[in-house]
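Novice: I'm passing along work-v9.txt; it holds compact mmCIF, N, CA and C atoms.
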```
# COMPACT_ATOMS: atom_id res chain seq x y z
N MET A 1 0.85 -1.19 0.00
CA MET A 1 0.00 0.00 0.00
C MET A 1 0.88 1.25 0.00
N HIS A 2 0.30 2.35 -0.42
CA HIS A 2 1.02 3.62 -0.52
C HIS A 2 0.41 4.63 0.44
N ASP A 3 1.07 5.78 0.56
CA ASP A 3 0.60 6.81 1.47
C ASP A 3 -0.88 7.15 1.27
N VAL A 4 -1.29 7.26 0.03
CA VAL A 4 -2.68 7.64 -0.24
C VAL A 4 -3.65 6.57 0.29
N ASP A 5 -3.26 5.31 0.23
CA ASP A 5 -4.12 4.22 0.73
C ASP A 5 -4.24 4.30 2.26
N TRP A 6 -3.13 4.57 2.93
CA TRP A 6 -3.17 4.69 4.39
C TRP A 6 -4.00 5.91 4.79
N MET A 7 -3.89 6.99 4.01
CA MET A 7 -4.68 8.19 4.33
C MET A 7 -6.16 7.93 4.11
N ARG A 8 -6.49 7.14 3.13
CA ARG A 8 -7.91 6.78 2.95
C ARG A 8 -8.43 6.01 4.16
N LEU A 9 -7.59 5.15 4.73
CA LEU A 9 -7.99 4.45 5.96
C LEU A 9 -8.20 5.45 7.10
N ALA A 10 -7.34 6.45 7.18
CA ALA A 10 -7.50 7.48 8.21
C ALA A 10 -8.80 8.25 8.01
N LEU A 11 -9.18 8.51 6.76
CA LEU A 11 -10.45 9.17 6.48
C LEU A 11 -11.64 8.29 6.89
N GLU A 12 -11.54 7.00 6.64
CA GLU A 12 -12.59 6.07 7.09
C GLU A 12 -12.72 6.12 8.61
N GLU A 13 -11.59 6.15 9.28
CA GLU A 13 -11.58 6.22 10.74
C GLU A 13 -12.20 7.54 11.20
N ALA A 14 -11.90 8.63 10.53
CA ALA A 14 -12.45 9.94 10.90
C ALA A 14 -13.97 9.94 10.83
N ARG A 15 -14.52 9.27 9.82
CA ARG A 15 -15.98 9.24 9.67
C ARG A 15 -16.67 8.56 10.86
N LYS A 16 -15.96 7.68 11.54
CA LYS A 16 -16.54 7.00 12.71
C LYS A 16 -16.85 7.98 13.83
N ALA A 17 -16.11 9.07 13.90
CA ALA A 17 -16.35 10.07 14.95
C ALA A 17 -17.71 10.74 14.80
N LEU A 18 -18.22 10.78 13.58
CA LEU A 18 -19.51 11.41 13.34
C LEU A 18 -20.64 10.69 14.07
N LYS A 19 -20.48 9.39 14.28
CA LYS A 19 -21.53 8.60 14.95
C LYS A 19 -21.78 9.08 16.38
N HIS A 20 -20.77 9.68 17.01
CA HIS A 20 -20.97 10.18 18.38
C HIS A 20 -20.68 11.68 18.47
N HIS A 21 -20.88 12.38 17.35
CA HIS A 21 -20.84 13.84 17.30
C HIS A 21 -19.50 14.44 17.70
N ASP A 22 -18.43 13.70 17.43
CA ASP A 22 -17.09 14.23 17.63
C ASP A 22 -16.58 14.82 16.33
N VAL A 23 -15.63 15.72 16.44
CA VAL A 23 -14.99 16.31 15.26
C VAL A 23 -14.34 15.17 14.47
N PRO A 24 -14.67 15.05 13.18
CA PRO A 24 -14.20 13.92 12.38
C PRO A 24 -12.72 14.01 11.98
N VAL A 25 -11.89 13.53 12.88
CA VAL A 25 -10.45 13.43 12.63
C VAL A 25 -10.07 11.97 12.84
N GLY A 26 -9.26 11.45 11.93
CA GLY A 26 -8.82 10.06 12.04
C GLY A 26 -7.31 9.95 11.94
N ALA A 27 -6.78 8.87 12.53
CA ALA A 27 -5.34 8.62 12.49
C ALA A 27 -5.09 7.13 12.35
N VAL A 28 -4.02 6.80 11.63
CA VAL A 28 -3.60 5.41 11.43
C VAL A 28 -2.09 5.34 11.61
N ALA A 29 -1.65 4.42 12.47
CA ALA A 29 -0.22 4.19 12.69
C ALA A 29 0.18 2.93 11.92
N VAL A 30 1.23 3.06 11.11
CA VAL A 30 1.66 1.96 10.24
C VAL A 30 3.12 1.63 10.53
N ARG A 31 3.37 0.34 10.66
CA ARG A 31 4.73 -0.16 10.89
C ARG A 31 4.97 -1.35 9.97
N GLN A 32 6.03 -1.29 9.20
CA GLN A 32 6.40 -2.37 8.29
C GLN A 32 5.22 -2.84 7.43
N GLY A 33 4.48 -1.86 6.90
CA GLY A 33 3.38 -2.16 6.00
C GLY A 33 2.13 -2.71 6.66
N ARG A 34 2.04 -2.58 7.98
CA ARG A 34 0.90 -3.12 8.72
C ARG A 34 0.33 -2.06 9.66
N VAL A 35 -0.99 -1.97 9.73
CA VAL A 35 -1.64 -1.05 10.66
C VAL A 35 -1.50 -1.61 12.07
N ILE A 36 -0.94 -0.78 12.97
CA ILE A 36 -0.79 -1.22 14.36
C ILE A 36 -1.53 -0.30 15.33
N GLY A 37 -2.18 0.72 14.81
CA GLY A 37 -2.97 1.60 15.66
C GLY A 37 -3.90 2.44 14.82
N VAL A 38 -5.11 2.61 15.31
CA VAL A 38 -6.09 3.48 14.65
C VAL A 38 -6.79 4.30 15.73
N GLY A 39 -7.27 5.45 15.33
CA GLY A 39 -8.02 6.26 16.27
C GLY A 39 -8.83 7.31 15.55
N HIS A 40 -9.91 7.68 16.19
CA HIS A 40 -10.69 8.83 15.75
C HIS A 40 -11.06 9.61 17.01
N ASN A 41 -11.38 10.87 16.84
CA ASN A 41 -11.70 11.69 18.01
C ASN A 41 -12.83 11.07 18.81
N GLU A 42 -12.64 11.05 20.13
CA GLU A 42 -13.64 10.49 21.05
C GLU A 42 -13.86 11.39 22.26
N ARG A 43 -13.57 12.67 22.14
CA ARG A 43 -13.72 13.56 23.29
C ARG A 43 -15.17 13.65 23.76
N GLU A 44 -16.09 13.81 22.83
CA GLU A 44 -17.51 13.88 23.20
C GLU A 44 -17.99 12.54 23.74
N LEU A 45 -17.55 11.48 23.13
CA LEU A 45 -17.96 10.12 23.53
C LEU A 45 -17.48 9.79 24.94
N THR A 46 -16.24 10.12 25.25
CA THR A 46 -15.64 9.69 26.51
C THR A 46 -15.54 10.79 27.56
N GLY A 47 -15.68 12.05 27.14
CA GLY A 47 -15.49 13.16 28.06
C GLY A 47 -14.03 13.38 28.41
N ASP A 48 -13.14 12.78 27.65
CA ASP A 48 -11.71 12.85 27.89
C ASP A 48 -11.09 13.90 26.95
N PRO A 49 -10.52 14.97 27.50
CA PRO A 49 -9.96 16.01 26.63
C PRO A 49 -8.75 15.54 25.83
N THR A 50 -8.14 14.42 26.22
CA THR A 50 -6.99 13.91 25.48
C THR A 50 -7.37 12.86 24.44
N ALA A 51 -8.63 12.58 24.27
CA ALA A 51 -9.07 11.52 23.35
C ALA A 51 -9.09 12.00 21.90
N HIS A 52 -7.93 12.45 21.45
CA HIS A 52 -7.76 12.83 20.05
C HIS A 52 -7.36 11.60 19.25
N ALA A 53 -7.66 11.62 17.97
CA ALA A 53 -7.37 10.49 17.09
C ALA A 53 -5.91 10.04 17.18
N GLU A 54 -5.00 11.01 17.15
CA GLU A 54 -3.57 10.68 17.16
C GLU A 54 -3.16 9.99 18.46
N ILE A 55 -3.64 10.49 19.57
CA ILE A 55 -3.29 9.92 20.88
C ILE A 55 -3.78 8.48 20.97
N ILE A 56 -5.00 8.24 20.53
CA ILE A 56 -5.57 6.89 20.57
C ILE A 56 -4.76 5.95 19.69
N ALA A 57 -4.41 6.40 18.48
CA ALA A 57 -3.62 5.56 17.57
C ALA A 57 -2.23 5.29 18.14
N LEU A 58 -1.61 6.30 18.75
CA LEU A 58 -0.28 6.11 19.34
C LEU A 58 -0.33 5.14 20.51
N ARG A 59 -1.36 5.23 21.33
CA ARG A 59 -1.49 4.30 22.47
C ARG A 59 -1.61 2.86 21.98
N GLN A 60 -2.43 2.64 20.96
CA GLN A 60 -2.58 1.29 20.41
C GLN A 60 -1.26 0.80 19.83
N ALA A 61 -0.58 1.67 19.09
CA ALA A 61 0.68 1.29 18.47
C ALA A 61 1.72 0.91 19.53
N ALA A 62 1.79 1.69 20.60
CA ALA A 62 2.75 1.40 21.67
C ALA A 62 2.43 0.05 22.34
N MET A 63 1.16 -0.26 22.47
CA MET A 63 0.80 -1.56 23.05
C MET A 63 1.25 -2.70 22.15
N ILE A 64 1.08 -2.54 20.85
CA ILE A 64 1.48 -3.57 19.89
C ILE A 64 3.01 -3.73 19.88
N VAL A 65 3.72 -2.60 19.84
CA VAL A 65 5.18 -2.62 19.79
C VAL A 65 5.75 -3.08 21.14
N GLY A 66 5.04 -2.75 22.21
CA GLY A 66 5.51 -3.12 23.54
C GLY A 66 6.48 -2.12 24.13
N HIS A 67 6.45 -0.90 23.58
CA HIS A 67 7.38 0.13 24.04
C HIS A 67 6.84 1.49 23.62
N TRP A 68 7.25 2.53 24.34
CA TRP A 68 6.81 3.88 24.01
C TRP A 68 7.53 4.45 22.79
N ARG A 69 8.69 3.90 22.46
CA ARG A 69 9.42 4.39 21.30
C ARG A 69 8.84 3.77 20.03
N LEU A 70 8.33 4.63 19.19
CA LEU A 70 7.71 4.18 17.94
C LEU A 70 8.57 4.65 16.77
N ASP A 71 9.87 4.36 16.85
CA ASP A 71 10.81 4.93 15.91
C ASP A 71 10.84 4.28 14.53
N ASP A 72 9.91 3.37 14.27
CA ASP A 72 9.78 2.83 12.92
C ASP A 72 8.32 2.85 12.46
N VAL A 73 7.57 3.82 12.97
CA VAL A 73 6.14 3.95 12.68
C VAL A 73 5.89 5.24 11.91
N THR A 74 5.05 5.15 10.89
CA THR A 74 4.56 6.34 10.20
C THR A 74 3.14 6.57 10.67
N LEU A 75 2.83 7.83 11.01
CA LEU A 75 1.48 8.18 11.45
C LEU A 75 0.80 8.98 10.36
N TYR A 76 -0.41 8.59 10.02
CA TYR A 76 -1.24 9.28 9.02
C TYR A 76 -2.42 9.91 9.76
N CYS A 77 -2.63 11.21 9.57
CA CYS A 77 -3.71 11.94 10.23
C CYS A 77 -4.45 12.77 9.20
N THR A 78 -5.74 12.88 9.38
CA THR A 78 -6.53 13.65 8.44
C THR A 78 -6.41 15.15 8.66
N LEU A 79 -5.97 15.55 9.87
CA LEU A 79 -5.83 16.97 10.19
C LEU A 79 -4.47 17.21 10.83
N GLU A 80 -3.89 18.34 10.56
CA GLU A 80 -2.63 18.74 11.20
C GLU A 80 -2.77 18.63 12.71
N PRO A 81 -1.84 18.01 13.38
CA PRO A 81 -1.94 17.81 14.82
C PRO A 81 -1.91 19.11 15.62
N CYS A 82 -2.64 19.09 16.74
CA CYS A 82 -2.61 20.20 17.69
C CYS A 82 -1.32 20.11 18.50
N CYS A 83 -1.14 21.02 19.43
CA CYS A 83 0.08 21.05 20.24
C CYS A 83 0.24 19.78 21.07
N MET A 84 -0.84 19.32 21.69
CA MET A 84 -0.77 18.10 22.50
C MET A 84 -0.35 16.91 21.65
N CYS A 85 -0.99 16.74 20.51
CA CYS A 85 -0.70 15.59 19.66
C CYS A 85 0.68 15.69 19.02
N ALA A 86 1.06 16.89 18.62
CA ALA A 86 2.40 17.08 18.06
C ALA A 86 3.45 16.74 19.11
N GLY A 87 3.22 17.15 20.34
CA GLY A 87 4.14 16.81 21.42
C GLY A 87 4.24 15.32 21.64
N ALA A 88 3.10 14.64 21.60
CA ALA A 88 3.09 13.18 21.77
C ALA A 88 3.82 12.49 20.62
N ILE A 89 3.67 13.00 19.41
CA ILE A 89 4.35 12.44 18.25
C ILE A 89 5.87 12.57 18.41
N VAL A 90 6.31 13.73 18.87
CA VAL A 90 7.75 13.94 19.10
C VAL A 90 8.23 13.01 20.21
N LEU A 91 7.50 12.95 21.31
CA LEU A 91 7.92 12.13 22.44
C LEU A 91 7.95 10.64 22.11
N ALA A 92 7.08 10.21 21.19
CA ALA A 92 7.04 8.81 20.77
C ALA A 92 8.13 8.50 19.74
N ARG A 93 8.85 9.52 19.32
CA ARG A 93 9.94 9.38 18.34
C ARG A 93 9.44 8.91 16.97
N ILE A 94 8.21 9.30 16.64
CA ILE A 94 7.67 8.99 15.31
C ILE A 94 8.59 9.64 14.27
N PRO A 95 9.12 8.88 13.33
CA PRO A 95 10.02 9.48 12.35
C PRO A 95 9.30 10.24 11.23
N ARG A 96 8.05 9.84 10.95
CA ARG A 96 7.38 10.42 9.78
C ARG A 96 5.89 10.59 10.05
N LEU A 97 5.39 11.76 9.69
CA LEU A 97 3.96 12.08 9.80
C LEU A 97 3.46 12.54 8.45
N VAL A 98 2.32 12.01 8.06
CA VAL A 98 1.64 12.45 6.84
C VAL A 98 0.27 12.95 7.27
N TYR A 99 -0.05 14.20 6.94
CA TYR A 99 -1.39 14.69 7.31
C TYR A 99 -2.07 15.37 6.14
N GLY A 100 -3.40 15.45 6.26
CA GLY A 100 -4.22 16.01 5.20
C GLY A 100 -4.42 17.50 5.32
N ALA A 101 -5.49 17.89 6.01
CA ALA A 101 -5.88 19.30 6.09
C ALA A 101 -4.99 20.08 7.06
N ILE A 102 -4.70 21.30 6.69
CA ILE A 102 -3.97 22.22 7.55
C ILE A 102 -4.95 22.83 8.54
N ASP A 103 -4.51 23.02 9.79
CA ASP A 103 -5.35 23.62 10.83
C ASP A 103 -4.79 25.00 11.15
N LEU A 104 -5.39 26.02 10.55
CA LEU A 104 -4.89 27.38 10.70
C LEU A 104 -5.23 28.00 12.05
N LYS A 105 -6.01 27.29 12.87
CA LYS A 105 -6.35 27.80 14.21
C LYS A 105 -5.50 27.18 15.31
N ALA A 106 -5.13 25.91 15.15
CA ALA A 106 -4.44 25.23 16.25
C ALA A 106 -3.36 24.27 15.77
N GLY A 107 -2.98 24.34 14.52
CA GLY A 107 -2.01 23.39 13.97
C GLY A 107 -0.59 23.60 14.48
N CYS A 108 0.04 22.50 14.85
CA CYS A 108 1.42 22.57 15.35
C CYS A 108 2.35 21.70 14.51
N GLY A 109 1.98 21.54 13.25
CA GLY A 109 2.82 20.79 12.32
C GLY A 109 3.28 21.65 11.17
N GLY A 110 3.38 22.96 11.41
CA GLY A 110 3.91 23.84 10.38
C GLY A 110 3.08 25.07 10.09
N SER A 111 1.83 25.11 10.51
CA SER A 111 1.01 26.29 10.19
C SER A 111 1.09 27.34 11.29
N VAL A 112 0.44 27.12 12.42
CA VAL A 112 0.48 28.09 13.52
C VAL A 112 1.83 28.01 14.23
N MET A 113 2.25 26.81 14.54
CA MET A 113 3.56 26.54 15.14
C MET A 113 4.13 25.29 14.48
N ASP A 114 5.38 25.00 14.78
CA ASP A 114 5.98 23.78 14.25
C ASP A 114 6.70 23.02 15.35
N VAL A 115 5.92 22.42 16.22
CA VAL A 115 6.46 21.59 17.30
C VAL A 115 7.21 20.39 16.73
N LEU A 116 6.71 19.86 15.63
CA LEU A 116 7.25 18.62 15.06
C LEU A 116 8.68 18.76 14.54
N ARG A 117 9.08 19.98 14.20
CA ARG A 117 10.43 20.18 13.65
C ARG A 117 11.18 21.28 14.41
N HIS A 118 10.81 21.49 15.65
CA HIS A 118 11.42 22.56 16.44
C HIS A 118 12.90 22.24 16.71
N SER A 119 13.75 23.20 16.44
CA SER A 119 15.20 22.97 16.55
C SER A 119 15.67 22.73 17.98
N LYS A 120 14.94 23.14 18.98
CA LYS A 120 15.36 22.98 20.38
C LYS A 120 14.96 21.61 20.95
N LEU A 121 14.10 20.89 20.26
CA LEU A 121 13.67 19.58 20.77
C LEU A 121 14.65 18.49 20.33
N ASN A 122 14.65 17.39 21.05
CA ASN A 122 15.62 16.32 20.79
C ASN A 122 15.22 15.38 19.65
N HIS A 123 14.05 15.58 19.07
CA HIS A 123 13.61 14.75 17.95
C HIS A 123 12.85 15.63 16.97
N ARG A 124 13.08 15.42 15.69
CA ARG A 124 12.34 16.12 14.66
C ARG A 124 11.68 15.10 13.75
N VAL A 125 10.51 15.45 13.30
CA VAL A 125 9.67 14.55 12.51
C VAL A 125 9.71 15.00 11.05
N ASP A 126 9.84 14.05 10.15
CA ASP A 126 9.71 14.32 8.72
C ASP A 126 8.21 14.45 8.45
N VAL A 127 7.79 15.62 7.98
CA VAL A 127 6.36 15.91 7.82
C VAL A 127 6.02 16.06 6.34
N GLN A 128 4.97 15.35 5.94
CA GLN A 128 4.39 15.56 4.61
C GLN A 128 2.97 16.05 4.83
N MET A 129 2.68 17.24 4.35
CA MET A 129 1.36 17.80 4.57
C MET A 129 0.58 17.90 3.26
N GLY A 130 -0.74 17.86 3.40
CA GLY A 130 -1.60 18.11 2.26
C GLY A 130 -2.09 16.89 1.50
N LEU A 131 -1.77 15.68 1.95
CA LEU A 131 -2.24 14.49 1.24
C LEU A 131 -3.73 14.30 1.49
N LEU A 132 -4.50 14.27 0.44
CA LEU A 132 -5.97 14.19 0.50
C LEU A 132 -6.54 15.32 1.36
N ALA A 133 -5.91 16.48 1.27
CA ALA A 133 -6.33 17.63 2.07
C ALA A 133 -7.75 18.05 1.77
N ASP A 134 -8.16 18.03 0.50
CA ASP A 134 -9.51 18.45 0.15
C ASP A 134 -10.57 17.55 0.79
N GLU A 135 -10.35 16.25 0.73
CA GLU A 135 -11.30 15.32 1.33
C GLU A 135 -11.36 15.49 2.85
N SER A 136 -10.20 15.67 3.45
CA SER A 136 -10.13 15.86 4.90
C SER A 136 -10.83 17.15 5.31
N ALA A 137 -10.55 18.22 4.59
CA ALA A 137 -11.16 19.52 4.90
C ALA A 137 -12.66 19.50 4.67
N GLU A 138 -13.11 18.83 3.62
CA GLU A 138 -14.55 18.75 3.33
C GLU A 138 -15.31 18.05 4.46
N LEU A 139 -14.74 16.99 4.99
CA LEU A 139 -15.34 16.27 6.11
C LEU A 139 -15.51 17.20 7.30
N LEU A 140 -14.49 17.98 7.60
CA LEU A 140 -14.55 18.92 8.72
C LEU A 140 -15.51 20.07 8.45
N THR A 141 -15.48 20.62 7.25
CA THR A 141 -16.38 21.73 6.89
C THR A 141 -17.83 21.32 7.00
N THR A 142 -18.15 20.14 6.48
CA THR A 142 -19.52 19.63 6.54
C THR A 142 -19.97 19.45 7.99
N PHE A 143 -19.08 18.91 8.82
CA PHE A 143 -19.39 18.70 10.23
C PHE A 143 -19.70 20.04 10.91
N PHE A 144 -18.83 21.02 10.75
CA PHE A 144 -19.02 22.29 11.44
C PHE A 144 -20.21 23.07 10.86
N ASP A 145 -20.49 22.94 9.55
CA ASP A 145 -21.67 23.55 8.96
C ASP A 145 -22.94 22.97 9.57
N SER A 146 -22.92 21.65 9.82
CA SER A 146 -24.12 21.02 10.41
C SER A 146 -24.35 21.50 11.85
N LEU A 147 -23.30 21.82 12.56
CA LEU A 147 -23.45 22.35 13.93
C LEU A 147 -24.07 23.75 13.93
N ARG A 148 -23.74 24.51 12.92
CA ARG A 148 -24.23 25.89 12.84
C ARG A 148 -25.70 25.96 12.44
N HIS A 149 -26.21 24.92 11.81
CA HIS A 149 -27.59 24.97 11.31
C HIS A 149 -28.49 24.18 12.16
```
Turn this file's structure into structure tokens for me.
Specialist:
Amino acid sequence: MHDVDWMRLALEEARKALKHHDVPVGAVAVRQGRVIGVGHNERELTGDPTAHAEIIALRQAAMIVGHWRLDDVTLYCTLEPCCMCAGAIVLARIPRLVYGAIDLKAGCGGSVMDVLRHSKLNHRVDVQMGLLADESAELLTTFFDSLRH
């Protein structure tokens, strides 16, 4: 499979958040061509402010790997990570992140801030942004439009 295929899986995961009225963001952790973690936002479902797609996928991946260091895992996210998730990605030593839509309000993967490649931190992430960005953004736009009406 290729990056676009993994991102399509992340989009499928994001759609699951709609079932419980969470912001539709999805994440997929891939290691050696195999999915080892998936997540979608569950803050509304669980009442947990840390229940972001990326955090859930990283927790699953760490359980599969058996260690907090995920230094051979690529993470695919439908939305640019927030500060909390970007920090978790750095701390997990994720070498590569691929994300879809840019988050101009809270993104920490290159738009508002760049936690993922900050020169003062002990780990930097190779970031590819914009893969299936239109599909990712459309999912979010539709969700937020439905809240307003």
Novice: In Å, with one decimal, what is the gap from atom N of Leu58 in chain A to CA of Pro81 in chain A?
Specialist: 12.2 Å
Novice: Which residues are close to Val23 in chain A, i.e. within 6.5 Å by all atoms listed in the file, leaving aside same-chain residues fewer than 4 positions away? Reply as a list in words.
Specialist: Ala14, Ala17, Leu18 and Asn41 of chain A
Novice: Here is a test: counting only C-alpha atoms, which residue of A:Gly37, A:Ala88, A:Phe143, A:Ile56 is nearest to His20 in chain A?
Specialist: A:Phe143
Novice: Considering only C-alpha atoms, return as an MDAnalysis selection string whatever protein or nucleic-acid residues lie within 8 Å of range 9-12 of chain A, sequence-local ones (same chain, fewer than 5 positions apart) excluded.
Specialist: chainID A and resid 25:28 38 76:78 136
Novice: If DSSP is run on the backbone, what residues of range 28-130 of chain A are strand (DSSP E)? A reply as a compact mmCIF listing (two decimals) with N, CA and C atoms, keeping the file's coordinate frame would be ideal.
Specialist:
```
# COMPACT_ATOMS: atom_id res chain seq x y z
N VAL A 28 -4.02 6.80 11.63
CA VAL A 28 -3.60 5.41 11.43
C VAL A 28 -2.09 5.34 11.61
N ALA A 29 -1.65 4.42 12.47
CA ALA A 29 -0.22 4.19 12.69
C ALA A 29 0.18 2.93 11.92
N VAL A 30 1.23 3.06 11.11
CA VAL A 30 1.66 1.96 10.24
C VAL A 30 3.12 1.63 10.53
N ARG A 31 3.37 0.34 10.66
CA ARG A 31 4.73 -0.16 10.89
C ARG A 31 4.97 -1.35 9.97
N ARG A 34 2.04 -2.58 7.98
CA ARG A 34 0.90 -3.12 8.72
C ARG A 34 0.33 -2.06 9.66
N VAL A 35 -0.99 -1.97 9.73
CA VAL A 35 -1.64 -1.05 10.66
C VAL A 35 -1.50 -1.61 12.07
N ILE A 36 -0.94 -0.78 12.97
CA ILE A 36 -0.79 -1.22 14.36
C ILE A 36 -1.53 -0.30 15.33
N GLY A 37 -2.18 0.72 14.81
CA GLY A 37 -2.97 1.60 15.66
C GLY A 37 -3.90 2.44 14.82
N VAL A 38 -5.11 2.61 15.31
CA VAL A 38 -6.09 3.48 14.65
C VAL A 38 -6.79 4.30 15.73
N GLY A 39 -7.27 5.45 15.33
CA GLY A 39 -8.02 6.26 16.27
C GLY A 39 -8.83 7.31 15.55
N HIS A 40 -9.91 7.68 16.19
CA HIS A 40 -10.69 8.83 15.75
C HIS A 40 -11.06 9.61 17.01
N VAL A 73 7.57 3.82 12.97
CA VAL A 73 6.14 3.95 12.68
C VAL A 73 5.89 5.24 11.91
N THR A 74 5.05 5.15 10.89
CA THR A 74 4.56 6.34 10.20
C THR A 74 3.14 6.57 10.67
N LEU A 75 2.83 7.83 11.01
CA LEU A 75 1.48 8.18 11.45
C LEU A 75 0.80 8.98 10.36
N TYR A 76 -0.41 8.59 10.02
CA TYR A 76 -1.24 9.28 9.02
C TYR A 76 -2.42 9.91 9.76
N CYS A 77 -2.63 11.21 9.57
CA CYS A 77 -3.71 11.94 10.23
C CYS A 77 -4.45 12.77 9.20
N THR A 78 -5.74 12.88 9.38
CA THR A 78 -6.53 13.65 8.44
C THR A 78 -6.41 15.15 8.66
N LEU A 79 -5.97 15.55 9.87
CA LEU A 79 -5.83 16.97 10.19
C LEU A 79 -4.47 17.21 10.83
N ARG A 96 8.05 9.84 10.95
CA ARG A 96 7.38 10.42 9.78
C ARG A 96 5.89 10.59 10.05
N LEU A 97 5.39 11.76 9.69
CA LEU A 97 3.96 12.08 9.80
C LEU A 97 3.46 12.54 8.45
N VAL A 98 2.32 12.01 8.06
CA VAL A 98 1.64 12.45 6.84
C VAL A 98 0.27 12.95 7.27
N TYR A 99 -0.05 14.20 6.94
CA TYR A 99 -1.39 14.69 7.31
C TYR A 99 -2.07 15.37 6.14
N GLY A 100 -3.40 15.45 6.26
CA GLY A 100 -4.22 16.01 5.20
C GLY A 100 -4.42 17.50 5.32
N ALA A 101 -5.49 17.89 6.01
CA ALA A 101 -5.88 19.30 6.09
C ALA A 101 -4.99 20.08 7.06
N ASP A 126 9.84 14.05 10.15
CA ASP A 126 9.71 14.32 8.72
C ASP A 126 8.21 14.45 8.45
N VAL A 127 7.79 15.62 7.98
CA VAL A 127 6.36 15.91 7.82
C VAL A 127 6.02 16.06 6.34
N GLN A 128 4.97 15.35 5.94
CA GLN A 128 4.39 15.56 4.61
C GLN A 128 2.97 16.05 4.83
N MET A 129 2.68 17.24 4.35
CA MET A 129 1.36 17.80 4.57
C MET A 129 0.58 17.90 3.26
```
Novice: List every residue of range 90-121 of chain A that has an atom at most 8 Å from any atom of range 62-68 of chain A, giving for each one its closest atom pair and the distance in Å to one decimal, counting all atoms listed in the file, sorted by chain and then by ascending residue number, as CSV.
Specialist:
```
residue,atom,partner,partner_atom,distance
A:Leu91,C,A:Trp68,C,6.2
A:Ala92,CA,A:Trp68,C,4.8
A:Arg93,N,A:Trp68,C,6.3
A:Ile94,N,A:Trp68,C,7.9
```
Novice: Mind pulling up the distance from atom C of Ala53 in chain A to atom C of Cys85 in chain A?
Specialist: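 Atom C of Ala53 in chain A lies at a distance of 8.9 Å from atom C of Cys85 in chain A.
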Novice: Calculate how many Å separate CA of Ser111 in chain A from CA of Met7 in chain A, rounding to one decimal.
Specialist: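 Between these atoms lies a distance of 19.9 Å.
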Novice: Which centre and which edge lengths, in Å to one decimal, describe the axis-aligned box that holds all listed atoms of range 34-40 of chain A after 4 Å is added on each side, as AutoDock Vina command-line options?
Specialist:
```
--center_x -4.5 --center_y 3.2 --center_z 12.5 --size_x 21.1 --size_y 20.7 --size_z 17.0
```
